[in-house]
file query01.cif (mmCIF, C-alpha atoms)
data_final
#
loop_
_atom_site.label_atom_id
_atom_site.label_comp_id
_atom_site.auth_asym_id
_atom_site.auth_seq_id
_atom_site.Cartn_x
_atom_site.Cartn_y
_atom_site.Cartn_z
CA MET K 639 -0.54 -12.58 -3.97
CA ALA K 640 2.91 -12.65 -5.54
CA ALA K 641 5.76 -12.90 -3.10
CA ARG K 642 8.26 -10.05 -3.20
CA SER K 643 11.96 -10.06 -2.44
CA SER K 644 14.78 -7.59 -2.80
CA SER K 645 16.32 -8.69 -6.06
CA PRO K 646 18.15 -6.99 -8.91
CA SER K 647 15.02 -7.27 -11.00
CA ASP K 648 13.16 -5.02 -8.60
CA GLN K 649 15.09 -2.37 -6.68
CA PRO K 650 18.45 -3.71 -5.39
CA PRO K 651 19.54 -2.48 -1.97
CA ARG K 652 22.25 0.17 -1.98
CA LEU K 653 25.38 0.54 0.07
CA GLY K 654 26.94 3.99 -0.14
CA GLY K 655 24.90 4.72 -3.28
CA VAL K 656 26.11 1.55 -5.05
CA PRO K 657 23.66 -1.33 -5.69
CA THR K 658 24.44 -4.54 -3.80
CA PHE K 659 23.53 -7.96 -5.18
CA LYS K 660 23.13 -11.46 -3.85
CA PRO K 661 24.90 -14.33 -5.60
CA ALA K 662 21.76 -15.88 -7.09
CA TYR K 663 18.09 -15.22 -7.76
CA LEU K 664 15.22 -17.36 -8.98
CA ILE K 665 12.17 -15.49 -10.26
CA HIS K 666 9.37 -17.85 -11.26
CA GLY K 667 5.59 -18.10 -11.53
CA ASP K 668 2.68 -17.85 -13.94
CA ASP K 669 2.55 -14.03 -14.15
CA HIS K 670 4.63 -13.92 -17.32
CA GLY K 671 4.23 -10.19 -17.81
CA ARG K 672 5.61 -9.38 -14.37
CA ILE K 673 8.50 -11.82 -14.86
CA ALA K 674 9.37 -10.14 -18.18
CA GLU K 675 9.33 -6.76 -16.44
CA ARG K 676 11.71 -7.97 -13.75
CA ARG K 677 14.05 -9.49 -16.31
CA ALA K 678 14.14 -6.22 -18.28
CA ARG K 679 14.81 -4.25 -15.11
CA LEU K 680 17.65 -6.59 -14.16
CA ARG K 681 19.32 -6.05 -17.53
CA LYS K 682 19.02 -2.30 -17.14
CA VAL K 683 20.53 -2.30 -13.64
CA ALA K 684 23.27 -4.73 -14.73
CA GLU K 685 24.22 -2.55 -17.70
CA GLN K 686 24.36 0.50 -15.44
CA THR K 687 26.58 -1.42 -13.00
CA SER K 688 28.92 -3.38 -15.30
CA GLY K 689 28.22 -2.25 -18.84
CA VAL K 690 26.92 -4.40 -21.68
CA GLN K 691 30.07 -6.52 -21.59
CA GLY K 692 29.31 -7.58 -18.00
CA ILE K 693 26.10 -9.46 -18.89
CA GLU K 694 25.80 -12.98 -20.28
CA LEU K 695 22.39 -14.13 -21.53
CA LEU K 696 21.70 -17.85 -21.74
CA GLU K 697 18.43 -18.91 -23.35
CA GLY K 698 17.02 -21.57 -25.66
CA ASP K 699 19.50 -24.34 -26.49
CA SER K 700 22.30 -22.52 -24.62
CA ALA K 701 20.35 -22.63 -21.34
CA THR K 702 20.73 -26.32 -20.48
CA PRO K 703 21.79 -27.07 -16.88
CA GLU K 704 25.19 -28.35 -18.12
CA ALA K 705 25.82 -25.22 -20.21
CA VAL K 706 24.78 -22.90 -17.37
CA ALA K 707 26.94 -24.79 -14.87
CA GLY K 708 29.87 -24.44 -17.26
CA ALA K 709 29.30 -20.69 -17.58
CA LEU K 710 29.07 -20.30 -13.81
CA SER K 711 32.36 -22.17 -13.33
CA ALA K 712 34.27 -20.47 -16.15
CA MET K 713 37.13 -18.15 -15.33
CA THR K 714 36.79 -14.57 -16.49
CA PHE K 715 39.19 -11.64 -16.57
CA ALA K 716 36.43 -9.05 -16.81
CA LEU K 717 36.55 -6.27 -14.24
CA GLY K 718 33.57 -5.56 -12.00
CA ARG K 719 30.50 -7.66 -11.29
CA ARG K 720 29.55 -10.38 -13.75
CA PHE K 721 25.85 -11.02 -14.40
CA ILE K 722 24.49 -14.24 -15.90
CA VAL K 723 20.80 -14.24 -16.92
CA VAL K 724 19.28 -17.67 -17.51
CA ASP K 725 15.89 -17.96 -19.24
CA GLY K 726 13.61 -20.96 -19.57
CA VAL K 727 14.47 -22.93 -16.41
CA GLU K 728 10.84 -24.10 -16.27
CA ARG K 729 11.98 -26.74 -18.81
CA TRP K 730 14.59 -28.21 -16.45
CA LYS K 731 14.02 -31.51 -14.64
CA GLU K 732 14.82 -32.30 -11.01
CA LYS K 733 17.40 -34.93 -11.98
CA GLU K 734 19.34 -32.37 -14.09
CA ILE K 735 20.04 -29.86 -11.29
CA GLU K 736 23.13 -31.45 -9.69
CA PRO K 737 25.65 -29.56 -11.91
CA ILE K 738 23.91 -26.29 -11.00
CA GLU K 739 24.04 -27.12 -7.29
CA GLN K 740 27.79 -27.76 -7.51
CA ALA K 741 28.41 -24.58 -9.51
CA LEU K 742 26.38 -22.44 -7.09
CA SER K 743 28.24 -23.86 -4.09
CA ALA K 744 31.53 -22.63 -5.57
CA LEU K 745 30.31 -19.43 -7.24
CA ALA K 746 33.07 -16.90 -7.85
CA PRO K 747 32.91 -13.60 -5.95
CA GLU K 748 31.44 -10.66 -7.87
CA THR K 749 29.18 -13.02 -9.82
CA THR K 750 25.36 -12.83 -9.84
CA VAL K 751 23.17 -15.37 -11.63
CA ALA K 752 19.43 -14.83 -12.15
CA PHE K 753 17.21 -17.73 -13.20
CA PHE K 754 13.83 -16.94 -14.81
CA ALA K 755 10.98 -19.46 -15.17
CA ARG K 756 7.68 -18.66 -16.91
CA GLU K 757 5.54 -21.42 -15.48
CA ASP K 758 2.21 -22.96 -16.45
CA ALA K 759 0.26 -26.08 -15.50
CA ARG K 760 2.79 -28.37 -17.21
CA SER K 761 6.12 -26.59 -16.70
CA LYS K 762 7.58 -25.62 -13.32
CA ALA K 763 10.98 -24.58 -12.04
CA PRO K 764 12.50 -27.56 -10.17
CA ASP K 765 12.19 -27.35 -6.37
CA SER K 766 15.82 -28.42 -6.09
CA LEU K 767 16.86 -25.29 -8.02
CA ALA K 768 15.06 -23.09 -5.50
CA ARG K 769 16.80 -24.92 -2.65
CA ALA K 770 20.19 -24.51 -4.34
CA VAL K 771 19.62 -20.76 -4.84
CA ARG K 772 18.71 -20.30 -1.18
CA LYS K 773 21.65 -22.46 -0.02
CA ALA K 774 23.98 -20.22 -2.04
CA GLY K 775 22.65 -17.18 -0.15
CA GLY K 776 20.29 -16.07 -2.89
CA ASP K 777 16.63 -15.10 -3.09
CA VAL K 778 13.59 -16.84 -4.58
CA ALA K 779 10.61 -14.75 -5.69
CA VAL K 780 7.26 -16.11 -6.87
CA GLU K 781 5.25 -14.02 -9.32
CA SER K 782 1.74 -15.50 -9.44
CA ALA K 783 -1.10 -14.16 -11.55
CA ILE K 784 -3.96 -13.03 -9.36
CA LYS K 785 -7.53 -14.21 -9.94
CA PRO K 786 -9.89 -11.45 -11.20
CA TRP K 787 -11.98 -11.48 -8.02
CA GLU K 788 -8.82 -10.97 -5.92
CA LEU K 789 -7.65 -7.97 -7.93
CA PRO K 790 -9.53 -5.18 -6.05
CA LYS K 791 -7.68 -6.06 -2.82
CA TRP K 792 -4.39 -6.25 -4.75
CA ILE K 793 -5.07 -2.85 -6.36
CA VAL K 794 -5.76 -1.26 -2.95
CA GLU K 795 -2.48 -2.67 -1.58
CA ARG K 796 -0.44 -1.50 -4.57
CA ALA K 797 -2.06 1.94 -4.31
CA ARG K 798 -1.10 2.13 -0.63
CA GLU K 799 2.52 1.32 -1.54
CA LEU K 800 2.44 4.27 -3.95
CA GLY K 801 1.00 6.57 -1.25
CA LEU K 802 -2.51 6.68 -2.71
CA GLN K 803 -5.71 6.42 -0.67
CA LEU K 804 -7.95 4.22 -2.80
CA ASP K 805 -10.91 2.18 -1.53
CA VAL K 806 -12.33 -1.09 -2.85
CA ASP K 807 -15.05 0.63 -4.94
CA ALA K 808 -12.40 2.72 -6.68
CA ALA K 809 -10.31 -0.43 -7.21
CA ARG K 810 -13.29 -2.14 -8.86
CA ALA K 811 -13.83 0.89 -11.08
CA LEU K 812 -10.18 0.79 -12.15
CA GLN K 813 -10.43 -2.92 -12.92
CA GLN K 814 -13.61 -2.33 -14.93
CA HIS K 815 -12.01 0.39 -17.07
CA VAL K 816 -8.51 -1.07 -17.45
CA GLY K 817 -8.99 -4.85 -17.33
CA ASP K 818 -7.33 -7.62 -15.35
CA ARG K 819 -3.68 -7.29 -16.45
CA GLN K 820 -1.64 -6.46 -13.37
CA GLN K 821 1.05 -4.56 -15.26
CA ARG K 822 -1.54 -2.29 -16.92
CA LEU K 823 -3.27 -1.74 -13.57
CA LEU K 824 0.02 -0.83 -11.93
CA ARG K 825 0.83 1.65 -14.71
CA GLU K 826 -2.59 3.27 -14.26
CA LEU K 827 -2.03 3.52 -10.49
CA GLU K 828 1.30 5.24 -11.14
CA THR K 829 -0.47 7.65 -13.49
CA LEU K 830 -3.11 8.37 -10.83
CA GLU K 831 -0.36 9.02 -8.28
CA LEU K 832 1.23 11.56 -10.61
CA ASP K 833 -2.13 13.24 -11.13
CA VAL K 834 -3.32 13.54 -7.51
CA GLY K 835 0.06 13.58 -5.73
CA PRO K 836 1.39 11.56 -2.79
CA GLY K 837 -1.24 10.89 -0.13
CA GLY K 838 -4.06 11.83 -2.49
CA ARG K 839 -7.46 10.20 -2.17
CA VAL K 840 -9.03 8.65 -5.28
CA ASP K 841 -12.69 7.56 -5.34
CA SER K 842 -14.52 5.61 -8.05
CA GLU K 843 -15.74 8.76 -9.80
CA ARG K 844 -12.19 10.12 -9.96
CA VAL K 845 -10.97 6.80 -11.35
CA SER K 846 -13.63 6.91 -14.07
CA GLU K 847 -12.75 10.50 -14.90
CA LEU K 848 -9.03 9.78 -15.23
CA THR K 849 -8.97 6.30 -16.76
CA ALA K 850 -12.11 5.81 -18.83
CA PRO K 851 -12.15 7.39 -22.29
CA SER K 852 -14.90 9.94 -22.89
CA ALA K 853 -16.60 7.62 -25.40
CA GLU K 854 -16.68 4.77 -22.89
CA ARG K 855 -18.27 6.94 -20.19
CA LYS K 856 -20.92 8.18 -22.63
CA THR K 857 -21.59 4.62 -23.82
CA TRP K 858 -22.26 3.44 -20.27
CA ALA K 859 -24.53 6.46 -19.75
CA LEU K 860 -26.43 5.48 -22.90
CA ALA K 861 -26.73 1.88 -21.73
CA ASP K 862 -27.87 2.85 -18.24
CA SER K 863 -30.51 5.23 -19.57
CA LEU K 864 -31.86 2.43 -21.79
CA VAL K 865 -32.04 0.07 -18.81
CA SER K 866 -33.96 2.69 -16.82
CA GLY K 867 -36.19 3.62 -19.79
CA GLU K 868 -35.11 7.29 -20.11
CA ALA K 869 -35.66 7.76 -23.85
CA ASP K 870 -34.64 11.44 -24.08
CA VAL K 871 -31.38 10.89 -22.16
CA ALA K 872 -30.56 7.80 -24.23
CA ALA K 873 -31.26 9.57 -27.54
CA THR K 874 -29.08 12.55 -26.56
CA ALA K 875 -26.21 10.27 -25.49
CA TYR K 876 -26.48 8.22 -28.68
CA LEU K 877 -26.40 11.25 -30.99
CA ALA K 878 -23.41 12.68 -29.12
CA LEU K 879 -21.50 9.42 -29.54
CA ARG K 880 -22.31 9.20 -33.23
CA ALA K 881 -21.29 12.83 -33.74
CA GLN K 882 -17.84 12.07 -32.38
CA GLY K 883 -17.41 9.18 -34.81
CA GLU K 884 -18.38 6.11 -32.75
CA ARG K 885 -19.49 3.15 -34.85
CA MET K 886 -22.88 1.51 -34.40
CA SER K 887 -21.35 -1.98 -34.02
CA GLY K 888 -19.15 -0.91 -31.11
CA LEU K 889 -22.02 0.84 -29.33
CA LEU K 890 -24.30 -2.16 -29.74
CA TYR K 891 -21.72 -4.46 -28.15
CA TRP K 892 -21.67 -2.43 -24.93
CA LEU K 893 -25.43 -1.86 -24.97
CA ALA K 894 -26.18 -5.56 -25.31
CA GLN K 895 -23.69 -6.39 -22.57
CA ARG K 896 -25.33 -3.95 -20.14
CA LEU K 897 -28.87 -5.05 -21.03
CA ARG K 898 -27.96 -8.70 -20.47
CA ALA K 899 -26.38 -7.85 -17.12
CA ALA K 900 -29.52 -5.96 -16.09
CA HIS K 901 -31.71 -8.86 -17.20
CA ASP K 902 -29.62 -11.28 -15.13
CA VAL K 903 -30.01 -8.98 -12.12
CA ALA K 904 -33.79 -8.77 -12.62
CA VAL K 905 -34.03 -12.57 -12.83
CA ALA K 906 -32.02 -12.91 -9.63
CA ILE K 907 -34.17 -10.34 -7.82
CA GLU K 908 -37.40 -12.04 -8.89
CA SER K 909 -36.05 -15.40 -7.73
CA GLY K 910 -35.44 -13.98 -4.26
CA GLU K 911 -31.64 -13.76 -4.29
CA PRO K 912 -30.28 -11.27 -1.68
CA VAL K 913 -29.27 -7.93 -3.20
CA ALA K 914 -25.90 -7.97 -1.44
CA GLN K 915 -25.06 -11.27 -3.12
CA ILE K 916 -26.12 -9.92 -6.53
CA LYS K 917 -23.94 -6.82 -6.13
CA ARG K 918 -20.89 -8.91 -5.26
CA ARG K 919 -21.20 -10.68 -8.62
CA LEU K 920 -21.38 -7.45 -10.62
CA ARG K 921 -17.73 -6.44 -10.12
CA MET K 922 -18.45 -2.73 -10.37
CA PRO K 923 -18.32 0.28 -7.98
CA SER K 924 -20.96 0.21 -5.25
CA ARG K 925 -22.93 3.22 -6.50
CA ALA K 926 -23.02 1.91 -10.06
CA ALA K 927 -24.15 -1.49 -8.78
CA ASP K 928 -26.87 0.15 -6.68
CA ARG K 929 -28.18 1.99 -9.74
CA LEU K 930 -28.13 -1.10 -11.95
CA VAL K 931 -29.98 -3.16 -9.32
CA ALA K 932 -32.58 -0.41 -8.83
CA ASP K 933 -33.11 0.05 -12.57
CA ALA K 934 -33.32 -3.71 -13.18
CA ARG K 935 -35.83 -4.10 -10.35
CA ARG K 936 -37.97 -1.28 -11.77
CA SER K 937 -37.76 -2.50 -15.37
CA GLY K 938 -38.37 -6.20 -14.73
CA THR K 939 -37.32 -9.25 -16.70
CA GLU K 940 -39.95 -8.99 -19.46
CA ARG K 941 -39.11 -5.41 -20.47
CA LEU K 942 -35.38 -6.12 -20.38
CA ARG K 943 -35.88 -9.26 -22.49
CA ARG K 944 -37.63 -7.15 -25.15
CA ALA K 945 -34.83 -4.59 -24.95
CA ILE K 946 -32.25 -7.34 -25.60
CA GLU K 947 -34.29 -8.46 -28.63
CA GLU K 948 -34.33 -4.89 -29.94
CA ALA K 949 -30.54 -4.72 -29.58
CA ALA K 950 -30.20 -8.03 -31.45
CA ASP K 951 -32.38 -6.71 -34.30
CA LEU K 952 -30.26 -3.55 -34.47
CA GLU K 953 -27.06 -5.61 -34.62
CA LEU K 954 -28.50 -7.59 -37.53
CA ALA K 955 -29.42 -4.35 -39.31
CA SER K 956 -25.92 -2.93 -38.74
CA ARG K 957 -24.43 -5.97 -40.49
CA GLY K 958 -26.22 -5.37 -43.73
CA GLY K 959 -29.93 -5.10 -42.98
CA SER K 960 -30.01 -1.33 -43.56
CA VAL K 961 -28.57 1.13 -46.08
CA GLY K 962 -26.32 3.97 -44.94
CA ALA K 963 -25.56 5.57 -41.60
CA ALA K 964 -28.74 7.68 -41.62
CA SER K 965 -30.92 4.55 -41.74
CA GLU K 966 -28.93 3.04 -38.88
CA ASP K 967 -29.39 6.15 -36.77
CA THR K 968 -33.13 6.25 -37.49
CA GLU K 969 -33.48 2.59 -36.54
CA MET K 970 -31.56 3.17 -33.32
CA LEU K 971 -33.65 6.19 -32.28
CA LEU K 972 -36.86 4.30 -33.02
CA ALA K 973 -35.58 1.35 -30.99
CA ILE K 974 -34.81 3.68 -28.07
CA GLU K 975 -38.41 4.89 -28.17
CA ARG K 976 -39.77 1.33 -28.30
CA ILE K 977 -37.60 0.22 -25.39
CA ALA K 978 -38.70 3.20 -23.29
CA GLU K 979 -42.40 2.74 -24.14
CA SER K 980 -42.32 -0.93 -23.16
CA GLY K 981 -41.62 -0.08 -19.54
#
call {"tool": "encode", "arguments": {"input": "query01.cif", "output": "C-alpha cells"}}
result
Amino acid sequence: MAARSSSPSDQPPRLGGVPTFKPAYLIHGDDHGRIAERRARLRKVAEQTSGVQGIELLEGDSATPEAVAGALSAMTFALGRRFIVVDGVERWKEKEIEPIEQALSALAPETTVAFFAREDARSKAPDSLARAVRKAGGDVAVESAIKPWELPKWIVERARELGLQLDVDAARALQQHVGDRQQRLLRELETLELDVGPGGRVDSERVSELTAPSAERKTWALADSLVSGEADVAATAYLALRAQGERMSGLLYWLAQRLRAAHDVAVAIESGEPVAQIKRRLRMPSRAADRLVADARRSGTERLRRAIEEAADLELASRGGSVGAASEDTEMLLAIERIAESG
C-alpha cells in the first residue's frame, strides 16, 4: 500500500491554526492520479498561505537539476513562505543530483520545495534525491498503484479512516461497480460517508443501492435470471430496461460477460475445483458469488454454452442482421425462451 506522510500535499500539520511545512518533500510512485491530486492540493494550500506570487513552478525544460538548484539558491525579497514545485524528477539521473544536494543543505529559511515524480518501469526518481530530501529534514512519500486483488483490503482501510464500517464483501461490491481507480473509489467512499454518517455500517447491498446505476442493477438481474433459466423474470427485466432507453448492444455486452463467467464456473465445478477457490476468483460480494455458483452448478456447462451461442447470435443480429427495434426485441424474447427451455 502507498506510504503516507504529513506533507503539504496532504494535510499539513498546524501550529496555532497556521500550517507548518518541512523544508522539502519528495512525492513519487506509479499512482499518477494520486500524485496529481497531491500536487493540486499543495498548490491550493500554498496559495492560501503565501498567495499566487509565493509559488514557483518548474517543469519541462525548466526543471533540470541545475535550474532547480539555481532557483533554490536564489535570493528573494518576497515576504512569507516561498514554495517551489518541481515536476518531472523521474527523468533525473543519479549523477545529476549533486547540485540539488548542495542547494538543499543550504536552503533558505521559509522555503519549501516539493519534488514530484510520476514513475513507471523505465523512469524512477533517483535514490540520492530521496536521501538528500531526508537529510534536509524533509519527507519522502511513495504513492504506489495497488493491484486489483489487493483493493478490497485497501478499500476497507480507507473506509475505516473515514469512520465507516465496511466489510470485505461490501468492498468487493464497490470495486465491481466503480472500477479499480483508487481516486474514484475514495470519492465514492466519501459519498457513502456523507450518506450514512460517521460510524455508519455499509454492507454490499447498501453499496449496490448507492453506487450502481438503476440500469446496471437491472442488467445484472436480467443476466442472473438467464443463467438460472427464469424466463419470466428475464423477460420482465429486459422489457423494463428497453422501456427506459437501454440499447440492445449494451445489454448484450453485460449478458455475454455474465454467461461466460457462469460457464467458467460450471467448468471448474465439473472438473472438481473447490468452491471456495472458485469464489475467490470471481471478485464479487459473497452472496452474489454464492448465487452464481449455485446457478452455474444447476445449469451445467452444456446449457450455458448454448446460452452463450444465443447471445452471440443476438449480437450479430443487433449489428445489422435484423430490421428495427421491434425485431430486435422479438428476437431477444424468443432467445430468452430458448435459453430457459434448454435447461
call {"tool": "residues_around", "arguments": {"input": "query01.cif", "residues": "Ala701 in chain K", "least_positions_apart": "3", "cutoff": "9 Å", "atoms": "all atoms listed in the file", "output": "short mmCIF file (atom, residue, chain, number, x, y, z; two decimals) with C-alpha atoms, in the frame of the given file"}}
result
data_model
loop_
_atom_site.label_atom_id
_atom_site.label_comp_id
_atom_site.auth_asym_id
_atom_site.auth_seq_id
_atom_site.Cartn_x
_atom_site.Cartn_y
_atom_site.Cartn_z
CA LEU K 695 22.39 -14.13 -21.53
CA LEU K 696 21.70 -17.85 -21.74
CA GLU K 697 18.43 -18.91 -23.35
CA GLY K 698 17.02 -21.57 -25.66
CA GLU K 704 25.19 -28.35 -18.12
CA ALA K 705 25.82 -25.22 -20.21
CA VAL K 706 24.78 -22.90 -17.37
CA VAL K 724 19.28 -17.67 -17.51
CA ASP K 725 15.89 -17.96 -19.24
CA GLY K 726 13.61 -20.96 -19.57
CA VAL K 727 14.47 -22.93 -16.41
#
call {"tool": "resolve_selection", "arguments": {"input": "query01.cif", "expression": "the PyMOL selection byres ((chain K and resi 898-900) around 8)", "output": "short mmCIF file (atom, residue, chain, number, x, y, z; two decimals) with C-alpha atoms, in the coordinates of the input"}}
result
data_model
loop_
_atom_site.label_atom_id
_atom_site.label_comp_id
_atom_site.auth_asym_id
_atom_site.auth_seq_id
_atom_site.Cartn_x
_atom_site.Cartn_y
_atom_site.Cartn_z
CA VAL K 865 -32.04 0.07 -18.81
CA ALA K 894 -26.18 -5.56 -25.31
CA GLN K 895 -23.69 -6.39 -22.57
CA ARG K 896 -25.33 -3.95 -20.14
CA LEU K 897 -28.87 -5.05 -21.03
CA HIS K 901 -31.71 -8.86 -17.20
CA ASP K 902 -29.62 -11.28 -15.13
CA VAL K 903 -30.01 -8.98 -12.12
CA ALA K 904 -33.79 -8.77 -12.62
CA LEU K 930 -28.13 -1.10 -11.95
CA VAL K 931 -29.98 -3.16 -9.32
CA ASP K 933 -33.11 0.05 -12.57
CA ALA K 934 -33.32 -3.71 -13.18
CA LEU K 942 -35.38 -6.12 -20.38
CA ILE K 946 -32.25 -7.34 -25.60
#
call {"tool": "resolve_selection", "arguments": {"input": "query01.cif", "expression": "the PyMOL selection byres ((chain K and resi 717-722) around 9)", "output": "MDAnalysis selection string"}}
result
chainID K and resid 681 684 687:688 691:696 706 709:710 714:716 723:724 747:753
call {"tool": "residues_around", "arguments": {"input": "query01.cif", "residues": "range 816-822 of chain K", "least_positions_apart": "2", "cutoff": "9 Å", "atoms": "only C-alpha atoms", "output": "PyMOL selection string"}}
result
chain K and resi 669+671-672+675+783-786+789+793+811-814+824-827+849-850
call {"tool": "write_last_selection", "arguments": {"input": "query01.cif", "atoms": "C-alpha atoms", "output": "PDB file, in the frame of the given file"}}
result
ATOM      1  CA  ASP K 669       2.550 -14.030 -14.150  1.00  0.00           C
ATOM      2  CA  GLY K 671       4.230 -10.190 -17.810  1.00  0.00           C
ATOM      3  CA  ARG K 672       5.610  -9.380 -14.370  1.00  0.00           C
ATOM      4  CA  GLU K 675       9.330  -6.760 -16.440  1.00  0.00           C
ATOM      5  CA  ALA K 783      -1.100 -14.160 -11.550  1.00  0.00           C
ATOM      6  CA  ILE K 784      -3.960 -13.030  -9.360  1.00  0.00           C
ATOM      7  CA  LYS K 785      -7.530 -14.210  -9.940  1.00  0.00           C
ATOM      8  CA  PRO K 786      -9.890 -11.450 -11.200  1.00  0.00           C
ATOM      9  CA  LEU K 789      -7.650  -7.970  -7.930  1.00  0.00           C
ATOM     10  CA  ILE K 793      -5.070  -2.850  -6.360  1.00  0.00           C
ATOM     11  CA  ALA K 811     -13.830   0.890 -11.080  1.00  0.00           C
ATOM     12  CA  LEU K 812     -10.180   0.790 -12.150  1.00  0.00           C
ATOM     13  CA  GLN K 813     -10.430  -2.920 -12.920  1.00  0.00           C
ATOM     14  CA  GLN K 814     -13.610  -2.330 -14.930  1.00  0.00           C
ATOM     15  CA  LEU K 824       0.020  -0.830 -11.930  1.00  0.00           C
ATOM     16  CA  ARG K 825       0.830   1.650 -14.710  1.00  0.00           C
ATOM     17  CA  GLU K 826      -2.590   3.270 -14.260  1.00  0.00           C
ATOM     18  CA  LEU K 827      -2.030   3.520 -10.490  1.00  0.00           C
ATOM     19  CA  THR K 849      -8.970   6.300 -16.760  1.00  0.00           C
ATOM     20  CA  ALA K 850     -12.110   5.810 -18.830  1.00  0.00           C
TER      21      ALA K 850
END
call {"tool": "atom_distance", "arguments": {"input": "query01.cif", "atom1": "CA of Leu823 in chain K", "atom2": "CA of Thr658 in chain K"}}
result
29.5 Å
call {"tool": "atom_distance", "arguments": {"input": "query01.cif", "atom1": "CA of Arg676 in chain K", "atom2": "CA of Arg756 in chain K"}}
result
11.9 Å
call {"tool": "closest_residue", "arguments": {"input": "query01.cif", "among": "K:Arg769, K:Arg976, K:Ala674, K:Leu680", "to": "Phe659 in chain K", "atoms": "only C-alpha atoms"}}
result
K:Leu680
call {"tool": "atom_distance", "arguments": {"input": "query01.cif", "atom1": "CA of Leu830 in chain K", "atom2": "CA of Glu843 in chain K"}}
result
12.7 Å
call {"tool": "closest_residue", "arguments": {"input": "query01.cif", "among": "K:Leu664, K:Ala759, K:Ala978, K:Ala881", "to": "Glu868 in chain K", "atoms": "all atoms listed in the file"}}
result
K:Ala978
call {"tool": "resolve_selection", "arguments": {"input": "query01.cif", "expression": "the PyMOL selection byres ((chain K and resi 918-925) around 9)", "output": "ChimeraX atom specification"}}
result
/K:787,806-811,813-814,842,899,903,913-917,926-930
call {"tool": "write_last_selection", "arguments": {"input": "query01.cif", "atoms": "C-alpha atoms", "output": "PDB file, keeping the file's coordinate frame"}}
result
ATOM      1  CA  TRP K 787     -11.980 -11.480  -8.020  1.00  0.00           C
ATOM      2  CA  VAL K 806     -12.330  -1.090  -2.850  1.00  0.00           C
ATOM      3  CA  ASP K 807     -15.050   0.630  -4.940  1.00  0.00           C
ATOM      4  CA  ALA K 808     -12.400   2.720  -6.680  1.00  0.00           C
ATOM      5  CA  ALA K 809     -10.310  -0.430  -7.210  1.00  0.00           C
ATOM      6  CA  ARG K 810     -13.290  -2.140  -8.860  1.00  0.00           C
ATOM      7  CA  ALA K 811     -13.830   0.890 -11.080  1.00  0.00           C
ATOM      8  CA  GLN K 813     -10.430  -2.920 -12.920  1.00  0.00           C
ATOM      9  CA  GLN K 814     -13.610  -2.330 -14.930  1.00  0.00           C
ATOM     10  CA  SER K 842     -14.520   5.610  -8.050  1.00  0.00           C
ATOM     11  CA  ALA K 899     -26.380  -7.850 -17.120  1.00  0.00           C
ATOM     12  CA  VAL K 903     -30.010  -8.980 -12.120  1.00  0.00           C
ATOM     13  CA  VAL K 913     -29.270  -7.930  -3.200  1.00  0.00           C
ATOM     14  CA  ALA K 914     -25.900  -7.970  -1.440  1.00  0.00           C
ATOM     15  CA  GLN K 915     -25.060 -11.270  -3.120  1.00  0.00           C
ATOM     16  CA  ILE K 916     -26.120  -9.920  -6.530  1.00  0.00           C
ATOM     17  CA  LYS K 917     -23.940  -6.820  -6.130  1.00  0.00           C
ATOM     18  CA  ALA K 926     -23.020   1.910 -10.060  1.00  0.00           C
ATOM     19  CA  ALA K 927     -24.150  -1.490  -8.780  1.00  0.00           C
ATOM     20  CA  ASP K 928     -26.870   0.150  -6.680  1.00  0.00           C
ATOM     21  CA  ARG K 929     -28.180   1.990  -9.740  1.00  0.00           C
ATOM     22  CA  LEU K 930     -28.130  -1.100 -11.950  1.00  0.00           C
TER      23      LEU K 930
END
call {"tool": "residues_around", "arguments": {"input": "query01.cif", "residues": "range 764-767 of chain K", "least_positions_apart": "5", "cutoff": "12 Å", "atoms": "only C-alpha atoms", "output": "VMD selection string"}}
result
chain K and resid 662 to 667 703 726 to 742 752 to 755 757 772 to 774 776 to 778
call {"tool": "residues_around", "arguments": {"input": "query01.cif", "residues": "Ala872 in chain K", "least_positions_apart": "3", "cutoff": "12 Å", "atoms": "all atoms listed in the file", "output": "ChimeraX atom specification"}}
result
/K:856-869,875-879,893,970-978
call {"tool": "build_atoms", "arguments": {"input": "query01.cif", "residues": "range 830-839 of chain K", "atoms": "N, CA and C atoms", "output": "PDB file, in the frame of the given file"}}
result
ATOM      1  N   LEU K 830      -2.241   7.715 -11.810  1.00  0.00           N
ATOM      2  CA  LEU K 830      -3.110   8.370 -10.830  1.00  0.00           C
ATOM      3  C   LEU K 830      -2.296   9.069  -9.753  1.00  0.00           C
ATOM      4  N   GLU K 831      -1.210   8.413  -9.325  1.00  0.00           N
ATOM      5  CA  GLU K 831      -0.360   9.020  -8.280  1.00  0.00           C
ATOM      6  C   GLU K 831       0.263  10.308  -8.771  1.00  0.00           C
ATOM      7  N   LEU K 832       0.670  10.337 -10.040  1.00  0.00           N
ATOM      8  CA  LEU K 832       1.230  11.560 -10.610  1.00  0.00           C
ATOM      9  C   LEU K 832       0.179  12.657 -10.698  1.00  0.00           C
ATOM     10  N   ASP K 833      -1.063  12.257 -10.950  1.00  0.00           N
ATOM     11  CA  ASP K 833      -2.130  13.240 -11.130  1.00  0.00           C
ATOM     12  C   ASP K 833      -2.575  13.855  -9.804  1.00  0.00           C
ATOM     13  N   VAL K 834      -2.767  13.022  -8.774  1.00  0.00           N
ATOM     14  CA  VAL K 834      -3.320  13.540  -7.510  1.00  0.00           C
ATOM     15  C   VAL K 834      -2.250  13.827  -6.478  1.00  0.00           C
ATOM     16  N   GLY K 835      -1.020  13.318  -6.670  1.00  0.00           N
ATOM     17  CA  GLY K 835       0.060  13.580  -5.730  1.00  0.00           C
ATOM     18  C   GLY K 835       0.094  12.584  -4.589  1.00  0.00           C
ATOM     19  N   PRO K 836       1.238  12.496  -3.900  1.00  0.00           N
ATOM     20  CA  PRO K 836       1.390  11.560  -2.790  1.00  0.00           C
ATOM     21  C   PRO K 836       0.349  11.826  -1.696  1.00  0.00           C
ATOM     22  N   GLY K 837      -0.238  10.752  -1.187  1.00  0.00           N
ATOM     23  CA  GLY K 837      -1.240  10.890  -0.130  1.00  0.00           C
ATOM     24  C   GLY K 837      -2.606  11.260  -0.622  1.00  0.00           C
ATOM     25  N   GLY K 838      -2.773  11.425  -1.942  1.00  0.00           N
ATOM     26  CA  GLY K 838      -4.060  11.830  -2.490  1.00  0.00           C
ATOM     27  C   GLY K 838      -5.107  10.735  -2.375  1.00  0.00           C
ATOM     28  N   ARG K 839      -6.346  11.143  -2.256  1.00  0.00           N
ATOM     29  CA  ARG K 839      -7.460  10.200  -2.170  1.00  0.00           C
ATOM     30  C   ARG K 839      -8.134  10.114  -3.544  1.00  0.00           C
TER      31      ARG K 839
END
